[in-house]
$ cat query_21.cif   # mmCIF, C-alpha atoms
data_upload
#
loop_
_atom_site.group_PDB
_atom_site.id
_atom_site.type_symbol
_atom_site.label_atom_id
_atom_site.label_comp_id
_atom_site.auth_asym_id
_atom_site.auth_seq_id
_atom_site.Cartn_x
_atom_site.Cartn_y
_atom_site.Cartn_z
ATOM 1 C CA MET A 17 42.500 194.612 63.973
ATOM 2 C CA ASN A 18 44.851 191.824 64.982
ATOM 3 C CA THR A 19 47.590 190.350 62.779
ATOM 4 C CA GLU A 20 45.629 187.196 62.001
ATOM 5 C CA GLU A 21 42.708 189.127 60.525
ATOM 6 C CA ARG A 22 44.824 191.258 58.225
ATOM 7 C CA PRO A 23 45.539 188.738 55.425
ATOM 8 C CA ILE A 24 41.856 187.675 55.342
ATOM 9 C CA ASP A 25 40.840 191.327 55.029
ATOM 10 C CA GLN A 26 43.288 191.800 52.194
ATOM 11 C CA TYR A 27 41.873 188.794 50.366
ATOM 12 C CA LEU A 28 38.344 190.008 50.918
ATOM 13 C CA ASP A 29 39.322 193.435 49.629
ATOM 14 C CA GLU A 30 40.652 191.919 46.418
ATOM 15 C CA TRP A 31 37.576 189.752 46.182
ATOM 16 C CA LEU A 32 35.481 192.931 45.987
ATOM 17 C CA SER A 33 36.961 193.484 42.537
ATOM 18 C CA GLY A 34 36.416 189.844 41.640
ATOM 19 C CA TYR A 35 32.838 190.152 42.918
ATOM 20 C CA ILE A 36 31.880 193.067 40.686
ATOM 21 C CA ASP A 37 33.572 191.361 37.723
ATOM 22 C CA GLY A 38 31.671 188.115 38.288
ATOM 23 C CA GLU A 39 34.933 186.188 38.651
ATOM 24 C CA LEU A 40 34.394 184.546 42.066
ATOM 25 C CA THR A 41 33.145 181.110 42.982
ATOM 26 C CA GLN A 42 29.773 180.895 44.672
ATOM 27 C CA GLN A 43 31.461 180.302 48.028
ATOM 28 C CA GLN A 44 33.664 183.370 47.598
ATOM 29 C CA ARG A 45 30.671 185.482 46.577
ATOM 30 C CA GLN A 46 28.840 184.464 49.725
ATOM 31 C CA ARG A 47 31.846 185.409 51.860
ATOM 32 C CA VAL A 48 32.011 188.821 50.194
ATOM 33 C CA GLU A 49 28.281 189.377 50.729
ATOM 34 C CA ILE A 50 28.564 188.484 54.417
ATOM 35 C CA HIS A 51 31.657 190.677 54.756
ATOM 36 C CA CYS A 52 29.886 193.638 53.159
ATOM 37 C CA ALA A 53 26.772 193.131 55.300
ATOM 38 C CA GLU A 54 28.932 193.279 58.427
ATOM 39 C CA ASN A 55 31.335 195.966 57.295
ATOM 40 C CA GLU A 56 30.175 199.405 56.133
ATOM 41 C CA ARG A 57 33.610 200.332 54.790
ATOM 42 C CA ALA A 58 33.656 197.254 52.551
ATOM 43 C CA GLN A 59 30.105 197.974 51.357
ATOM 44 C CA ALA A 60 31.041 201.568 50.525
ATOM 45 C CA LEU A 61 34.190 200.453 48.724
ATOM 46 C CA LEU A 62 32.196 197.919 46.711
ATOM 47 C CA GLU A 63 29.784 200.640 45.557
ATOM 48 C CA GLU A 64 32.670 202.983 44.688
ATOM 49 C CA LEU A 65 34.417 200.287 42.667
ATOM 50 C CA LYS A 66 31.197 199.484 40.809
ATOM 51 C CA ALA A 67 30.740 203.154 39.930
ATOM 52 C CA LEU A 68 34.378 203.495 38.910
ATOM 53 C CA ARG A 69 34.168 200.468 36.641
ATOM 54 C CA SER A 70 31.068 201.812 34.979
ATOM 55 C CA GLU A 71 32.629 205.266 34.483
ATOM 56 C CA VAL A 72 35.785 203.867 32.893
ATOM 57 C CA GLY A 73 33.657 201.623 30.682
ATOM 58 C CA ASN A 74 31.605 204.586 29.470
ATOM 59 C CA ALA A 75 34.558 206.930 28.983
ATOM 60 C CA THR A 76 35.898 207.885 25.555
ATOM 61 C CA LEU A 77 39.581 207.063 25.687
ATOM 62 C CA SER A 78 40.337 207.043 21.975
ATOM 63 C CA GLN A 79 39.590 210.004 19.737
ATOM 64 C CA TYR A 80 39.252 207.829 16.660
ATOM 65 C CA GLY A 81 36.009 206.135 15.659
ATOM 66 C CA GLU A 82 35.411 202.871 13.818
ATOM 67 C CA ASP A 83 35.459 204.605 10.399
ATOM 68 C CA LYS A 84 39.072 205.660 10.889
ATOM 69 C CA TRP A 85 40.080 202.049 11.585
ATOM 70 C CA ARG A 86 38.036 200.726 8.661
ATOM 71 C CA GLU A 87 39.876 203.142 6.361
ATOM 72 C CA GLN A 88 43.192 202.134 7.844
ATOM 73 C CA MET A 89 42.260 198.484 7.452
ATOM 74 C CA ASP A 90 41.538 199.032 3.741
ATOM 75 C CA GLU A 91 44.802 200.921 3.368
ATOM 76 C CA THR A 92 46.693 198.138 5.143
ATOM 77 C CA GLY A 93 44.935 195.513 2.998
ATOM 78 C CA VAL A 94 46.035 197.358 -0.146
ATOM 79 C CA GLN A 95 49.605 197.610 1.164
ATOM 80 C CA VAL A 96 49.709 193.923 2.064
ATOM 81 C CA SER A 97 48.292 192.798 -1.299
ATOM 82 C CA ARG A 98 50.674 195.168 -3.087
ATOM 83 C CA GLY A 99 53.565 193.674 -1.107
ATOM 84 C CA ILE A 100 52.500 190.138 -2.029
ATOM 85 C CA GLY A 101 52.178 191.255 -5.685
ATOM 86 C CA TRP A 102 55.711 192.663 -5.677
ATOM 87 C CA VAL A 103 57.145 189.521 -4.095
ATOM 88 C CA LEU A 104 55.449 187.329 -6.742
ATOM 89 C CA LEU A 105 56.575 189.644 -9.552
ATOM 90 C CA VAL A 106 60.207 189.731 -8.396
ATOM 91 C CA ILE A 107 60.367 185.951 -7.842
ATOM 92 C CA SER A 108 58.889 185.140 -11.272
ATOM 93 C CA ALA A 109 61.062 187.799 -12.991
ATOM 94 C CA LEU A 110 64.167 186.273 -11.395
ATOM 95 C CA ALA A 111 63.076 182.780 -12.413
ATOM 96 C CA ILE A 112 62.375 183.834 -16.031
ATOM 97 C CA GLY A 113 65.664 185.786 -16.138
ATOM 98 C CA GLY A 114 67.534 182.747 -14.821
ATOM 99 C CA ILE A 115 66.021 180.459 -17.458
ATOM 100 C CA VAL A 116 66.818 182.937 -20.278
ATOM 101 C CA VAL A 117 70.415 183.449 -19.066
ATOM 102 C CA PHE A 118 70.925 179.705 -18.676
ATOM 103 C CA GLY A 119 69.540 179.052 -22.175
ATOM 104 C CA PHE A 120 71.730 181.822 -23.634
ATOM 105 C CA LEU A 121 74.936 180.652 -21.916
ATOM 106 C CA THR A 122 74.442 176.996 -22.829
ATOM 107 C CA ASP A 123 73.352 177.602 -26.439
ATOM 108 C CA PRO A 124 76.174 176.058 -28.590
ATOM 109 C CA SER A 125 75.114 178.003 -31.706
ATOM 110 C CA ILE A 126 76.164 181.374 -30.163
ATOM 111 C CA PRO A 127 79.925 182.076 -30.220
ATOM 112 C CA VAL A 128 81.675 182.721 -26.859
ATOM 113 C CA SER A 129 82.764 186.223 -27.918
ATOM 114 C CA MET A 130 79.123 187.155 -28.611
ATOM 115 C CA LYS A 131 78.068 185.696 -25.266
ATOM 116 C CA LEU A 132 80.722 187.842 -23.510
ATOM 117 C CA LEU A 133 79.643 190.998 -25.365
ATOM 118 C CA ILE A 134 75.917 190.555 -24.739
ATOM 119 C CA GLY A 135 76.583 189.357 -21.180
ATOM 120 C CA GLY A 136 78.722 192.452 -20.504
ATOM 121 C CA PHE A 137 76.031 194.752 -21.920
ATOM 122 C CA TYR A 138 73.207 193.313 -19.826
ATOM 123 C CA GLY A 139 75.486 192.898 -16.804
ATOM 124 C CA GLY A 140 76.369 196.618 -17.006
ATOM 125 C CA LEU A 141 72.699 197.551 -17.268
ATOM 126 C CA ALA A 142 71.896 195.396 -14.231
ATOM 127 C CA VAL A 143 74.690 196.998 -12.159
ATOM 128 C CA LEU A 144 73.493 200.511 -13.117
ATOM 129 C CA LEU A 145 69.880 199.675 -12.316
ATOM 130 C CA GLY A 146 70.931 198.090 -9.015
ATOM 131 C CA SER A 147 72.940 201.151 -7.969
ATOM 132 C CA VAL A 148 70.042 203.516 -8.777
ATOM 133 C CA VAL A 149 67.591 201.340 -6.795
ATOM 134 C CA ARG A 150 70.036 201.149 -3.859
ATOM 135 C CA GLN A 151 70.516 204.935 -3.866
ATOM 136 C CA ARG A 152 66.735 205.512 -3.943
ATOM 137 C CA MET A 153 66.240 203.117 -1.043
ATOM 138 C CA ILE A 154 68.906 204.834 1.058
ATOM 139 C CA GLU A 155 67.362 208.229 0.277
ATOM 140 C CA SER A 156 63.855 207.105 1.209
ATOM 141 C CA LYS A 157 65.098 205.756 4.545
ATOM 142 C CA THR A 158 67.214 208.758 5.498
ATOM 143 C CA ASP A 159 65.133 211.608 4.075
ATOM 144 C CA LYS A 160 64.011 213.629 7.086
ATOM 145 C CA TYR A 161 61.257 215.299 5.072
ATOM 146 C CA ASN A 162 59.819 211.924 4.047
ATOM 147 C CA ASP A 163 56.685 212.230 6.161
ATOM 148 C CA VAL A 164 55.987 215.861 5.282
ATOM 149 C CA GLU A 165 52.704 216.139 3.433
ATOM 150 C CA ILE A 166 52.462 218.965 0.909
ATOM 151 C CA MET B 207 37.087 183.157 10.246
ATOM 152 C CA LYS B 208 36.700 184.532 6.701
ATOM 153 C CA ASN B 209 38.956 187.405 5.770
ATOM 154 C CA ASN B 210 36.153 189.976 5.279
ATOM 155 C CA ALA B 211 34.487 189.096 8.557
ATOM 156 C CA MET B 212 37.855 189.274 10.269
ATOM 157 C CA GLN B 213 38.576 192.711 8.786
ATOM 158 C CA GLN B 214 35.199 194.007 9.910
ATOM 159 C CA ARG B 215 35.736 192.699 13.421
ATOM 160 C CA LEU B 216 39.263 194.124 13.548
ATOM 161 C CA ALA B 217 37.947 197.547 12.505
ATOM 162 C CA GLN B 218 35.474 197.391 15.403
ATOM 163 C CA LEU B 219 38.339 196.594 17.774
ATOM 164 C CA GLY B 220 40.440 199.522 16.506
ATOM 165 C CA SER B 221 39.322 202.168 19.015
ATOM 166 C CA GLY B 222 39.750 199.877 22.017
ATOM 167 C CA ALA B 223 43.138 198.740 20.781
ATOM 168 C CA HIS B 224 44.100 202.382 20.277
ATOM 169 C CA ALA B 225 43.047 203.241 23.840
ATOM 170 C CA LEU B 226 45.188 200.384 25.157
ATOM 171 C CA ALA B 227 48.164 201.364 22.989
ATOM 172 C CA THR B 228 47.832 204.992 24.103
ATOM 173 C CA GLN B 229 48.028 203.908 27.735
ATOM 174 C CA ILE B 230 51.111 201.787 27.047
ATOM 175 C CA LEU B 231 52.950 204.271 24.815
ATOM 176 C CA GLY B 232 51.661 207.529 26.259
ATOM 177 C CA ASN B 233 51.128 209.068 22.853
ATOM 178 C CA PRO B 234 48.052 208.725 20.596
ATOM 179 C CA ASP B 235 50.050 209.083 17.372
ATOM 180 C CA ASP B 236 52.508 206.336 18.286
ATOM 181 C CA ALA B 237 49.516 204.291 19.450
ATOM 182 C CA ALA B 238 47.830 204.701 16.030
ATOM 183 C CA ASP B 239 51.058 203.524 14.384
ATOM 184 C CA ALA B 240 51.132 200.492 16.675
ATOM 185 C CA VAL B 241 47.536 199.566 15.765
ATOM 186 C CA HIS B 242 48.331 200.088 12.073
ATOM 187 C CA ASP B 243 51.382 197.781 12.373
ATOM 188 C CA ALA B 244 49.266 195.212 14.180
ATOM 189 C CA TYR B 245 46.716 195.303 11.330
ATOM 190 C CA ALA B 246 49.531 194.760 8.816
ATOM 191 C CA THR B 247 50.873 191.817 10.849
ATOM 192 C CA VAL B 248 47.461 190.201 11.158
ATOM 193 C CA LEU B 249 46.353 190.788 7.552
ATOM 194 C CA SER B 250 49.609 189.492 6.099
ATOM 195 C CA LYS B 251 49.162 186.250 8.053
ATOM 196 C CA PRO B 252 45.468 185.859 8.952
ATOM 197 C CA GLU B 253 45.866 182.084 9.349
ATOM 198 C CA ALA B 254 47.931 182.778 12.490
ATOM 199 C CA TYR B 255 44.639 183.306 14.317
ATOM 200 C CA ASP B 256 42.992 180.051 15.313
ATOM 201 C CA SER B 257 39.374 180.628 16.349
ATOM 202 C CA ASN B 258 39.383 177.279 18.194
ATOM 203 C CA LYS B 259 41.898 178.694 20.660
ATOM 204 C CA GLY B 260 39.746 181.637 21.704
ATOM 205 C CA PRO B 261 38.076 184.879 20.602
ATOM 206 C CA LEU B 262 39.723 187.343 18.237
ATOM 207 C CA LYS B 263 39.625 190.290 20.651
ATOM 208 C CA PRO B 264 42.218 189.160 23.247
ATOM 209 C CA TRP B 265 44.367 187.673 20.509
ATOM 210 C CA PHE B 266 44.425 190.941 18.546
ATOM 211 C CA LEU B 267 45.027 192.978 21.703
ATOM 212 C CA ARG B 268 48.024 190.781 22.463
ATOM 213 C CA VAL B 269 49.400 191.509 18.975
ATOM 214 C CA VAL B 270 48.880 195.257 19.573
ATOM 215 C CA ARG B 271 50.472 195.072 23.023
ATOM 216 C CA ASN B 272 53.502 193.197 21.671
ATOM 217 C CA ARG B 273 53.914 195.840 18.985
ATOM 218 C CA CYS B 274 53.711 198.576 21.648
ATOM 219 C CA ILE B 275 56.393 196.818 23.692
ATOM 220 C CA ASP B 276 58.619 196.673 20.601
ATOM 221 C CA ILE B 277 58.111 200.395 20.010
ATOM 222 C CA ARG B 278 58.775 201.185 23.667
ATOM 223 C CA ARG B 279 61.897 199.004 23.646
ATOM 224 C CA LYS B 280 63.138 200.914 20.626
ATOM 225 C CA ARG B 281 62.682 204.136 22.511
ATOM 226 C CA ARG B 282 64.510 202.600 25.502
ATOM 227 C CA ASP B 283 61.940 204.314 27.642
ATOM 228 C CA GLU B 284 60.477 201.860 30.117
ATOM 229 C CA ARG B 285 58.179 204.235 31.944
ATOM 230 C CA VAL B 286 56.219 206.918 30.154
ATOM 231 C CA PRO B 287 56.636 210.254 31.874
ATOM 232 C CA VAL B 288 53.382 211.432 33.422
ATOM 233 C CA GLU B 289 53.734 214.845 31.768
ATOM 234 C CA GLU B 290 53.959 213.218 28.330
ATOM 235 C CA LEU B 291 50.762 211.252 28.869
ATOM 236 C CA ALA B 292 48.930 214.281 30.201
ATOM 237 C CA ASP B 293 50.084 216.407 27.258
ATOM 238 C CA SER B 294 49.460 213.770 24.633
ATOM 239 C CA GLY B 295 45.710 214.042 24.369
ATOM 240 C CA PRO B 296 43.791 214.900 21.234
ATOM 241 C CA GLY B 297 43.727 218.358 19.719
ATOM 242 C CA PRO B 298 41.135 221.015 20.671
ATOM 243 C CA GLU B 299 38.660 220.012 17.940
ATOM 244 C CA GLN B 300 38.529 216.376 18.989
ATOM 245 C CA GLU B 301 38.553 217.391 22.632
ATOM 246 C CA VAL B 302 35.258 219.247 22.254
ATOM 247 C CA SER B 303 33.434 216.018 21.490
ATOM 248 C CA ARG B 304 34.733 214.267 24.577
ATOM 249 C CA ASP B 305 32.994 214.708 27.883
ATOM 250 C CA GLU B 306 34.583 216.192 30.949
ATOM 251 C CA ARG B 307 34.531 212.939 32.901
ATOM 252 C CA SER B 308 36.465 211.125 30.165
ATOM 253 C CA ARG B 309 39.146 213.779 30.388
ATOM 254 C CA GLN B 310 39.278 213.419 34.164
ATOM 255 C CA ILE B 311 39.615 209.648 33.895
ATOM 256 C CA GLU B 312 42.363 210.025 31.304
ATOM 257 C CA SER B 313 44.253 212.457 33.544
ATOM 258 C CA ALA B 314 43.842 210.165 36.544
ATOM 259 C CA LEU B 315 45.042 207.161 34.517
ATOM 260 C CA ALA B 316 48.114 209.164 33.518
ATOM 261 C CA THR B 317 49.224 209.305 37.138
ATOM 262 C CA LEU B 318 49.293 205.490 37.439
ATOM 263 C CA GLY B 319 52.081 203.141 36.429
ATOM 264 C CA ALA B 320 51.940 201.483 32.992
ATOM 265 C CA ASP B 321 50.963 198.072 34.464
ATOM 266 C CA ALA B 322 48.034 199.582 36.355
ATOM 267 C CA ARG B 323 46.856 201.591 33.369
ATOM 268 C CA GLU B 324 46.772 198.673 30.987
ATOM 269 C CA ILE B 325 45.024 196.274 33.355
ATOM 270 C CA VAL B 326 42.262 198.814 34.064
ATOM 271 C CA ILE B 327 41.800 199.402 30.343
ATOM 272 C CA LEU B 328 41.719 195.682 29.574
ATOM 273 C CA ARG B 329 39.058 194.956 32.199
ATOM 274 C CA ASP B 330 36.932 198.074 32.596
ATOM 275 C CA TYR B 331 37.209 199.635 29.151
ATOM 276 C CA LEU B 332 37.614 196.575 26.930
ATOM 277 C CA ASP B 333 35.613 194.213 29.109
ATOM 278 C CA LEU B 334 37.986 191.246 28.953
ATOM 279 C CA SER B 335 37.584 188.377 31.407
ATOM 280 C CA TYR B 336 40.365 187.628 33.924
ATOM 281 C CA ALA B 337 41.438 184.589 31.875
ATOM 282 C CA GLU B 338 41.663 186.739 28.732
ATOM 283 C CA ILE B 339 43.583 189.469 30.576
ATOM 284 C CA ALA B 340 46.021 186.850 31.914
ATOM 285 C CA ASP B 341 46.489 185.657 28.328
ATOM 286 C CA VAL B 342 47.080 189.162 26.938
ATOM 287 C CA LEU B 343 49.500 190.154 29.708
ATOM 288 C CA GLY B 344 51.199 186.765 29.938
ATOM 289 C CA VAL B 345 50.633 186.500 33.702
ATOM 290 C CA ALA B 346 48.932 183.907 35.909
ATOM 291 C CA ARG B 347 45.152 184.254 36.173
ATOM 292 C CA GLY B 348 45.479 184.542 39.969
ATOM 293 C CA THR B 349 47.651 187.649 39.591
ATOM 294 C CA VAL B 350 44.993 189.520 37.634
ATOM 295 C CA MET B 351 42.528 190.079 40.478
ATOM 296 C CA SER B 352 45.057 191.479 42.944
ATOM 297 C CA ARG B 353 46.785 193.638 40.340
ATOM 298 C CA LEU B 354 43.469 194.953 39.043
ATOM 299 C CA HIS B 355 42.215 195.709 42.539
ATOM 300 C CA ARG B 356 45.346 197.701 43.393
ATOM 301 C CA ALA B 357 45.044 199.562 40.084
ATOM 302 C CA ARG B 358 41.389 200.424 40.735
ATOM 303 C CA LEU B 359 42.189 201.693 44.220
ATOM 304 C CA ALA B 360 44.973 203.851 42.796
ATOM 305 C CA LEU B 361 42.657 205.193 40.083
ATOM 306 C CA LYS B 362 39.933 205.919 42.612
ATOM 307 C CA GLU B 363 42.417 207.860 44.743
ATOM 308 C CA ALA B 364 43.748 209.761 41.733
ATOM 309 C CA LEU B 365 40.209 210.760 40.736
ATOM 310 C CA GLN B 366 39.428 211.879 44.289
ATOM 311 C CA ASN B 367 42.637 213.947 44.384
ATOM 312 C CA ASP B 368 41.643 215.508 41.084
ATOM 313 C CA GLU B 369 38.221 216.478 42.418
ATOM 314 C CA TYR B 370 39.588 218.260 45.479
#
$ encode --input "query_21.cif" --output "structure tokens"
Amino acid sequence: MNTEERPIDQYLDEWLSGYIDGELTQQQRQRVEIHCAENERAQALLEELKALRSEVGNATLSQYGEDKWREQMDETGVQVSRGIGWVLLVISALAIGGIVVFGFLTDPSIPVSMKLLIGGFYGGLAVLLGSVVRQRMIESKTDKYNDVEI
Amino acid sequence: MKNNAMQQRLAQLGSGAHALATQILGNPDDAADAVHDAYATVLSKPEAYDSNKGPLKPWFLRVVRNRCIDIRRKRRDERVPVEELADSGPGPEQEVSRDERSRQIESALATLGADAREIVILRDYLDLSYAEIADVLGVARGTVMSRLHRARLALKEALQNDEY
């Protein structure tokens, strides 16, 4: 084989894959067919590649069937809708809370001392609740036994 | 595409996506997590898929592949050790239902590089066209044929070595 033939051979070799995948132009297909008719090695390689493609296509390379993914899809759908529900709930709770606090703070009929007392009480409750939620979140992220199923 | 129809189609694509993710990550459990994450991404924003731009299958596989790359980047492990892939198969019960040739192909695939493994899976197992593969991998369409051919030759050799 001389040096000028080598690149053409390489192209034709790659075209064998394109040929079995139906990805060549008509002109390229004809060149491959002529090449294979003249070259036993190329013909043999073409047959081997066809067989290989078929074997990989028929293999079972995932141990999970469609049912597993359908279940997971349902589970994911529930998680996503639950997430959307939580986001809506938190946003509307914050908005309602904001309106109530604004109304309370700007109500001229309530004395300032009462506003401070009630504000302190609810502020303290909010800080306590916030610290408990924060602690729970840290625990759930760092708990090494989190994924253990009992 | 309506949400129910999309969910049904995505469930059908699950096993193929899992096979691809397993070849990228080298571990079926991590691969299942990647597919699960991809489902969550897609279902939380189904409008991101535009059916006018192409079929769902390559689009979803690209989402799965991107998720796998994120997971792999987190692990800071660019190349999956061959031993890990070979040892990461299903347990004995699931293994019984799989035929011998599938196991041989899986072992042979494990000896290839990650690029070769995924391109063989995308074409021969998932039956994507070269244009779709180029889209999933983010490479030029012209690159697909040469890369795929090299991968097939390597797989053929690995299978022959396994037989002798």
$ resolve_selection --input "query_21.cif" --expression "the PyMOL selection byres ((chain B and resi 335) around 10)" --output "PDB file with C-alpha atoms, in the coordinates of the input"
ATOM      1  CA  ASP A  37      33.572 191.361  37.723  1.00  0.00           C
ATOM      2  CA  GLY A  38      31.671 188.115  38.288  1.00  0.00           C
ATOM      3  CA  GLU A  39      34.933 186.188  38.651  1.00  0.00           C
TER       4      GLU A  39
ATOM      5  CA  PRO B 264      42.218 189.160  23.247  1.00  0.00           C
ATOM      6  CA  LEU B 328      41.719 195.682  29.574  1.00  0.00           C
ATOM      7  CA  ARG B 329      39.058 194.956  32.199  1.00  0.00           C
ATOM      8  CA  ASP B 330      36.932 198.074  32.596  1.00  0.00           C
ATOM      9  CA  LEU B 332      37.614 196.575  26.930  1.00  0.00           C
ATOM     10  CA  ASP B 333      35.613 194.213  29.109  1.00  0.00           C
ATOM     11  CA  LEU B 334      37.986 191.246  28.953  1.00  0.00           C
ATOM     12  CA  TYR B 336      40.365 187.628  33.924  1.00  0.00           C
ATOM     13  CA  ALA B 337      41.438 184.589  31.875  1.00  0.00           C
ATOM     14  CA  GLU B 338      41.663 186.739  28.732  1.00  0.00           C
ATOM     15  CA  ILE B 339      43.583 189.469  30.576  1.00  0.00           C
ATOM     16  CA  ALA B 340      46.021 186.850  31.914  1.00  0.00           C
ATOM     17  CA  ASP B 341      46.489 185.657  28.328  1.00  0.00           C
ATOM     18  CA  ARG B 347      45.152 184.254  36.173  1.00  0.00           C
ATOM     19  CA  VAL B 350      44.993 189.520  37.634  1.00  0.00           C
TER      20      VAL B 350
END
$ atom_distance --input "query_21.cif" --atom1 "CA of Gln88 in chain A" --atom2 "CA of Asn258 in chain B"
27.2 Å
$ resolve_selection --input "query_21.cif" --expression "the PyMOL selection byres ((chain B and resi 355-359) around 12)" --output "ChimeraX atom specification"
/A:26-37,61-62,64-72 /B:311,314-315,317-330,336,348-354,360-366
$ atom_distance --input "query_21.cif" --atom1 "CA of His242 in chain B" --atom2 "CA of Lys84 in chain A"
10.9 Å
$ closest_residue --input "query_21.cif" --among "B:Val241, B:Val342, B:Val269, B:Ile230" --to "Tyr255 in chain B" --atoms "all atoms listed in the file"
B:Val269
$ residues_around --input "query_21.cif" --residues "Thr92 in chain A" --least-positions-apart "2" --cutoff "12 Å" --atoms "all atoms listed in the file" --output "list in words"
Trp85, Arg86, Glu87, Gln88, Met89, Asp90, Val94, Gln95, Val96, Ser97, Arg98 and Gly99 of chain A; Gln213, Leu216, Ala217, Asp239, Val241, His242, Asp243, Ala244, Tyr245, Ala246, Thr247, Val248, Leu249 and Ser250 of chain B
$ closest_residue --input "query_21.cif" --among "B:Arg281, B:Glu312, B:Glu306, B:Leu262" --to "Ala225 in chain B" --atoms "all atoms listed in the file"
B:Glu312
$ closest_residue --input "query_21.cif" --among "B:Leu231, B:Val270, B:Val345, B:Leu226" --to "chain A" --atoms "only C-alpha atoms"
B:Leu226
$ atom_distance --input "query_21.cif" --atom1 "CA of Val103 in chain A" --atom2 "CA of Lys251 in chain B"
14.9 Å
$ closest_residue --input "query_21.cif" --among "B:Glu253, B:Lys280, B:Asp305, B:Ala240" --to "chain A" --atoms "all atoms listed in the file"
B:Asp305
